Amino acid sequence: MAARPLVSIFSLTGEKSGETALPNVMTAPIRPDIVQFVHTNMAKNSRQAYAVSIRAGKQVSASSWGTGRAVARIPRVGGGGTSRSGQGAFGNMCRGGRMFAPTKTWRKWHRKINVTQKRYAVSSALAATAVPALVMAPGHRVDEGSEISLLLDN
């Protein structure tokens with residue numbers, strides 16, 4: 001196994017007070033695919049179920065006029081004396097009708113994630129913080145000559 005790199009320890013005043021070897025976790029393999037997979041699936045575990053009402057779009061008495069009237073065979077609102085009568089109802093293509101494939105609360109909202117995968121993702125993300133190029137990529141500034149793994153003496 002390769003030797004672990006040394007990291008400087010700084011005192012609270014800013015002087016270098018010693019060196020220590022970097023922990024093994026900082027040399028773990030960096031796997032952004034596993035980190036993204038675990039992060040995406042863990043984010044799904046904080047969702048709440050939602051759905052439309054079972055009766056939405058179906059709360060009007062409507063029946064099809066059948067064939068022979070030169071109109072579509074969609075159910076139509078009965079009655080007269082209002083602009084609503086004779087309008088199409090129930091269908092997902094109708095104004096005021098139900099939606100296509102109404103959302104249900106029993107959808108699969110949460111995801112189980114393998115514990116080993118979660119641990120691997122944490123160690124991989126932690127190891128990525130020791131690589132200066134990966135730290136600077138989103139826009140963080142690192143001064144010349146400074147070390148990324150900053151250890152302070154207490």
# chains A, B, ... in the order shown; residues from 1 in each chain; ligands from 1
call {"tool": "select_by_dssp", "arguments": {"residues": "chain A", "states": "helix (DSSP H, G or I)", "output": "PyMOL selection string"}}
result
chain A and resi 24-27+32-46+115-128+132-136
call {"tool": "residues_around", "arguments": {"residues": "region 138-147 of chain A", "least_positions_apart": "4", "cutoff": "8 Å", "atoms": "only C-alpha atoms", "output": "list in words"}}
result
Val7, Ser8, Pro132 and Leu134 of chain A
call {"tool": "closest_residue", "arguments": {"among": "A:Ala125, A:Val135, A:Ala49, A:Cys94", "to": "Pro75 (chain A)", "atoms": "only C-alpha atoms"}}
result
A:Cys94
call {"tool": "residues_around", "arguments": {"residues": "Thr103 (chain A)", "least_positions_apart": "6", "cutoff": "8 Å", "atoms": "only C-alpha atoms", "output": "ChimeraX atom specification"}}
result
/A:50-52
call {"tool": "atom_distance", "arguments": {"atom1": "CA of Ser53 (chain A)", "atom2": "CA of Val77 (chain A)"}}
result
20.3 Å
call {"tool": "atom_distance", "arguments": {"atom1": "CA of Ile148 (chain A)", "atom2": "CA of Tyr120 (chain A)"}}
result
21.6 Å
call {"tool": "residues_around", "arguments": {"residues": "Lys58 (chain A)", "least_positions_apart": "4", "cutoff": "8 Å", "atoms": "only C-alpha atoms", "output": "PyMOL selection string"}}
result
chain A and resi 89-90+97-98
call {"tool": "residues_around", "arguments": {"residues": "Gly66 (chain A)", "least_positions_apart": "5", "cutoff": "12 Å", "atoms": "only C-alpha atoms", "output": "list in words"}}
result
Val71, Ala72, Arg73, Ile74, Pro75 and Arg76 of chain A
call {"tool": "write_last_selection", "arguments": {"atoms": "C-alpha atoms", "output": "PDB file, in the first residue's frame"}}
result
ATOM      1  CA  VAL A  71     -70.532  14.807 -31.991  1.00  0.00           C
ATOM      2  CA  ALA A  72     -67.939  12.774 -30.137  1.00  0.00           C
ATOM      3  CA  ARG A  73     -69.210   9.944 -27.970  1.00  0.00           C
ATOM      4  CA  ILE A  74     -67.715  11.464 -24.799  1.00  0.00           C
ATOM      5  CA  PRO A  75     -70.147  11.727 -21.867  1.00  0.00           C
ATOM      6  CA  ARG A  76     -71.889  15.111 -21.831  1.00  0.00           C
TER       7      ARG A  76
END
call {"tool": "closest_atom_pairs", "arguments": {"of": "region 9-101 of chain A", "to": "region 109-119 of chain A", "cutoff": "9 Å", "atoms": "only C-alpha atoms", "output": "JSON lines"}}
result
{"residue": "A:Ile34", "atom": "CA", "partner": "A:Gln117", "partner_atom": "CA", "distance": 7.4}
{"residue": "A:Val35", "atom": "CA", "partner": "A:Lys118", "partner_atom": "CA", "distance": 8.2}
{"residue": "A:Val38", "atom": "CA", "partner": "A:Lys118", "partner_atom": "CA", "distance": 6.3}
{"residue": "A:His39", "atom": "CA", "partner": "A:Lys118", "partner_atom": "CA", "distance": 8.8}
{"residue": "A:Asn41", "atom": "CA", "partner": "A:Arg111", "partner_atom": "CA", "distance": 5.9}
{"residue": "A:Met42", "atom": "CA", "partner": "A:Arg111", "partner_atom": "CA", "distance": 7.0}
{"residue": "A:Ala43", "atom": "CA", "partner": "A:His110", "partner_atom": "CA", "distance": 8.8}
{"residue": "A:Lys44", "atom": "CA", "partner": "A:His110", "partner_atom": "CA", "distance": 5.6}
{"residue": "A:Asn45", "atom": "CA", "partner": "A:His110", "partner_atom": "CA", "distance": 4.7}
{"residue": "A:Ser46", "atom": "CA", "partner": "A:His110", "partner_atom": "CA", "distance": 7.8}
{"residue": "A:Arg47", "atom": "CA", "partner": "A:Trp109", "partner_atom": "CA", "distance": 6.8}
{"residue": "A:Gln48", "atom": "CA", "partner": "A:Trp109", "partner_atom": "CA", "distance": 7.6}
{"residue": "A:Ala49", "atom": "CA", "partner": "A:Trp109", "partner_atom": "CA", "distance": 6.9}
call {"tool": "write_last_selection", "arguments": {"atoms": "all heavy atoms", "output": "mmCIF file, in the first residue's frame"}}
result
data_model
loop_
_atom_site.group_PDB
_atom_site.id
_atom_site.type_symbol
_atom_site.label_atom_id
_atom_site.label_comp_id
_atom_site.auth_asym_id
_atom_site.auth_seq_id
_atom_site.Cartn_x
_atom_site.Cartn_y
_atom_site.Cartn_z
ATOM 1 N N ILE A 34 -21.505 6.677 -7.456
ATOM 2 C CA ILE A 34 -22.129 6.119 -6.251
ATOM 3 C C ILE A 34 -22.603 7.240 -5.336
ATOM 4 O O ILE A 34 -23.686 7.155 -4.744
ATOM 5 C CB ILE A 34 -21.152 5.171 -5.525
ATOM 6 C CG1 ILE A 34 -20.923 3.924 -6.384
ATOM 7 C CG2 ILE A 34 -21.669 4.791 -4.148
ATOM 8 C CD1 ILE A 34 -19.987 2.924 -5.809
ATOM 9 N N VAL A 35 -21.822 8.319 -5.241
ATOM 10 C CA VAL A 35 -22.227 9.454 -4.407
ATOM 11 C C VAL A 35 -23.534 10.040 -4.939
ATOM 12 O O VAL A 35 -24.458 10.326 -4.171
ATOM 13 C CB VAL A 35 -21.116 10.528 -4.364
ATOM 14 C CG1 VAL A 35 -21.597 11.764 -3.647
ATOM 15 C CG2 VAL A 35 -19.879 9.972 -3.671
ATOM 16 N N VAL A 38 -26.543 7.560 -4.269
ATOM 17 C CA VAL A 38 -26.965 7.537 -2.862
ATOM 18 C C VAL A 38 -27.651 8.856 -2.497
ATOM 19 O O VAL A 38 -28.697 8.867 -1.841
ATOM 20 C CB VAL A 38 -25.759 7.251 -1.942
ATOM 21 C CG1 VAL A 38 -26.116 7.469 -0.489
ATOM 22 C CG2 VAL A 38 -25.276 5.832 -2.149
ATOM 23 N N HIS A 39 -27.084 9.976 -2.961
ATOM 24 C CA HIS A 39 -27.683 11.273 -2.651
ATOM 25 C C HIS A 39 -29.077 11.392 -3.249
ATOM 26 O O HIS A 39 -30.027 11.841 -2.590
ATOM 27 C CB HIS A 39 -26.782 12.389 -3.184
ATOM 28 C CG HIS A 39 -27.331 13.749 -2.959
ATOM 29 N ND1 HIS A 39 -28.126 14.400 -3.873
ATOM 30 C CD2 HIS A 39 -27.237 14.594 -1.901
ATOM 31 C CE1 HIS A 39 -28.475 15.573 -3.404
ATOM 32 N NE2 HIS A 39 -27.957 15.724 -2.205
ATOM 33 N N ASN A 41 -31.205 9.000 -4.101
ATOM 34 C CA ASN A 41 -32.180 8.101 -3.481
ATOM 35 C C ASN A 41 -32.465 8.456 -2.035
ATOM 36 O O ASN A 41 -33.583 8.237 -1.556
ATOM 37 C CB ASN A 41 -31.709 6.650 -3.610
ATOM 38 C CG ASN A 41 -31.882 6.132 -5.013
ATOM 39 O OD1 ASN A 41 -32.960 6.251 -5.591
ATOM 40 N ND2 ASN A 41 -30.847 5.594 -5.589
ATOM 41 N N MET A 42 -31.493 9.022 -1.320
ATOM 42 C CA MET A 42 -31.771 9.449 0.050
ATOM 43 C C MET A 42 -32.660 10.690 0.055
ATOM 44 O O MET A 42 -33.453 10.885 0.971
ATOM 45 C CB MET A 42 -30.469 9.726 0.803
ATOM 46 C CG MET A 42 -29.745 8.465 1.222
ATOM 47 S SD MET A 42 -28.274 8.784 2.181
ATOM 48 C CE MET A 42 -28.994 9.254 3.737
ATOM 49 N N ALA A 43 -32.536 11.530 -0.969
ATOM 50 C CA ALA A 43 -33.381 12.720 -1.051
ATOM 51 C C ALA A 43 -34.841 12.341 -1.255
ATOM 52 O O ALA A 43 -35.746 13.080 -0.860
ATOM 53 C CB ALA A 43 -32.912 13.618 -2.186
ATOM 54 N N LYS A 44 -35.085 11.179 -1.848
ATOM 55 C CA LYS A 44 -36.460 10.730 -2.070
ATOM 56 C C LYS A 44 -37.142 10.307 -0.773
ATOM 57 O O LYS A 44 -38.365 10.210 -0.727
ATOM 58 C CB LYS A 44 -36.483 9.560 -3.061
ATOM 59 C CG LYS A 44 -36.073 9.965 -4.458
ATOM 60 C CD LYS A 44 -36.025 8.778 -5.383
ATOM 61 C CE LYS A 44 -35.574 9.219 -6.762
ATOM 62 N NZ LYS A 44 -35.425 8.076 -7.666
ATOM 63 N N ASN A 45 -36.356 10.074 0.290
ATOM 64 C CA ASN A 45 -36.936 9.599 1.538
ATOM 65 C C ASN A 45 -37.563 10.694 2.380
ATOM 66 O O ASN A 45 -38.149 10.415 3.425
ATOM 67 C CB ASN A 45 -35.880 8.849 2.350
ATOM 68 C CG ASN A 45 -35.470 7.560 1.673
ATOM 69 O OD1 ASN A 45 -36.228 6.997 0.900
ATOM 70 N ND2 ASN A 45 -34.279 7.099 1.945
ATOM 71 N N SER A 46 -37.447 11.941 1.951
ATOM 72 C CA SER A 46 -38.075 13.031 2.699
ATOM 73 C C SER A 46 -39.328 13.544 1.996
ATOM 74 O O SER A 46 -39.853 14.584 2.375
ATOM 75 C CB SER A 46 -37.072 14.163 2.898
ATOM 76 O OG SER A 46 -36.650 14.660 1.648
ATOM 77 N N ARG A 47 -39.788 12.828 0.973
ATOM 78 C CA ARG A 47 -40.971 13.272 0.241
ATOM 79 C C ARG A 47 -42.244 12.852 0.970
ATOM 80 O O ARG A 47 -42.255 11.866 1.705
ATOM 81 C CB ARG A 47 -40.992 12.660 -1.159
ATOM 82 C CG ARG A 47 -39.830 13.095 -2.020
ATOM 83 C CD ARG A 47 -40.013 12.670 -3.453
ATOM 84 N NE ARG A 47 -39.972 11.228 -3.622
ATOM 85 C CZ ARG A 47 -40.078 10.619 -4.788
ATOM 86 N NH1 ARG A 47 -40.233 11.315 -5.889
ATOM 87 N NH2 ARG A 47 -40.031 9.311 -4.868
ATOM 88 N N GLN A 48 -43.307 13.620 0.756
ATOM 89 C CA GLN A 48 -44.615 13.260 1.277
ATOM 90 C C GLN A 48 -45.499 12.819 0.121
ATOM 91 O O GLN A 48 -45.383 13.348 -0.989
ATOM 92 C CB GLN A 48 -45.267 14.450 1.979
ATOM 93 C CG GLN A 48 -44.712 14.723 3.347
ATOM 94 C CD GLN A 48 -45.504 15.805 4.046
ATOM 95 O OE1 GLN A 48 -45.947 16.757 3.419
ATOM 96 N NE2 GLN A 48 -45.678 15.660 5.339
ATOM 97 N N ALA A 49 -46.369 11.894 0.389
ATOM 98 C CA ALA A 49 -47.279 11.404 -0.640
ATOM 99 C C ALA A 49 -48.285 12.481 -1.007
ATOM 100 O O ALA A 49 -48.732 13.249 -0.163
ATOM 101 C CB ALA A 49 -48.006 10.157 -0.137
#
call {"tool": "select_by_dssp", "arguments": {"residues": "region 23-111 of chain A", "states": "strand (DSSP E)", "output": "PyMOL selection string"}}
result
chain A and resi 62-64+75-77
call {"tool": "atom_distance", "arguments": {"atom1": "CA of Lys16 (chain A)", "atom2": "CA of Asn154 (chain A)"}}
result
12.7 Å
call {"tool": "closest_residue", "arguments": {"among": "A:Phe37, A:Ser123, A:Ala21, A:Asn92", "to": "Ile9 (chain A)", "atoms": "only C-alpha atoms"}}
result
A:Ala21
call {"tool": "residues_around", "arguments": {"residues": "Ser11 (chain A)", "least_positions_apart": "5", "cutoff": "7 Å", "atoms": "only C-alpha atoms", "output": "NGL selection string"}}
result
:A and (16-17 or 152-153)
call {"tool": "write_last_selection", "arguments": {"atoms": "N, CA, C and O atoms", "output": "PDB file, in the first residue's frame"}}
result
ATOM      1  N   LYS A  16       3.076  26.748  11.701  1.00  0.00           N
ATOM      2  CA  LYS A  16       3.073  25.288  11.547  1.00  0.00           C
ATOM      3  C   LYS A  16       3.615  24.660  12.825  1.00  0.00           C
ATOM      4  O   LYS A  16       4.705  24.995  13.286  1.00  0.00           O
ATOM      5  N   SER A  17       2.830  23.752  13.421  1.00  0.00           N
ATOM      6  CA  SER A  17       3.248  23.177  14.694  1.00  0.00           C
ATOM      7  C   SER A  17       3.550  21.693  14.602  1.00  0.00           C
ATOM      8  O   SER A  17       3.915  21.076  15.592  1.00  0.00           O
ATOM      9  N   LEU A 152      -6.026  22.059  12.589  1.00  0.00           N
ATOM     10  CA  LEU A 152      -5.681  23.068  13.584  1.00  0.00           C
ATOM     11  C   LEU A 152      -5.371  22.401  14.911  1.00  0.00           C
ATOM     12  O   LEU A 152      -6.044  21.456  15.333  1.00  0.00           O
ATOM     13  N   ASP A 153      -4.353  22.906  15.590  1.00  0.00           N
ATOM     14  CA  ASP A 153      -3.956  22.422  16.890  1.00  0.00           C
ATOM     15  C   ASP A 153      -4.835  23.082  17.938  1.00  0.00           C
ATOM     16  O   ASP A 153      -5.072  24.277  17.872  1.00  0.00           O
TER      17      ASP A 153
END
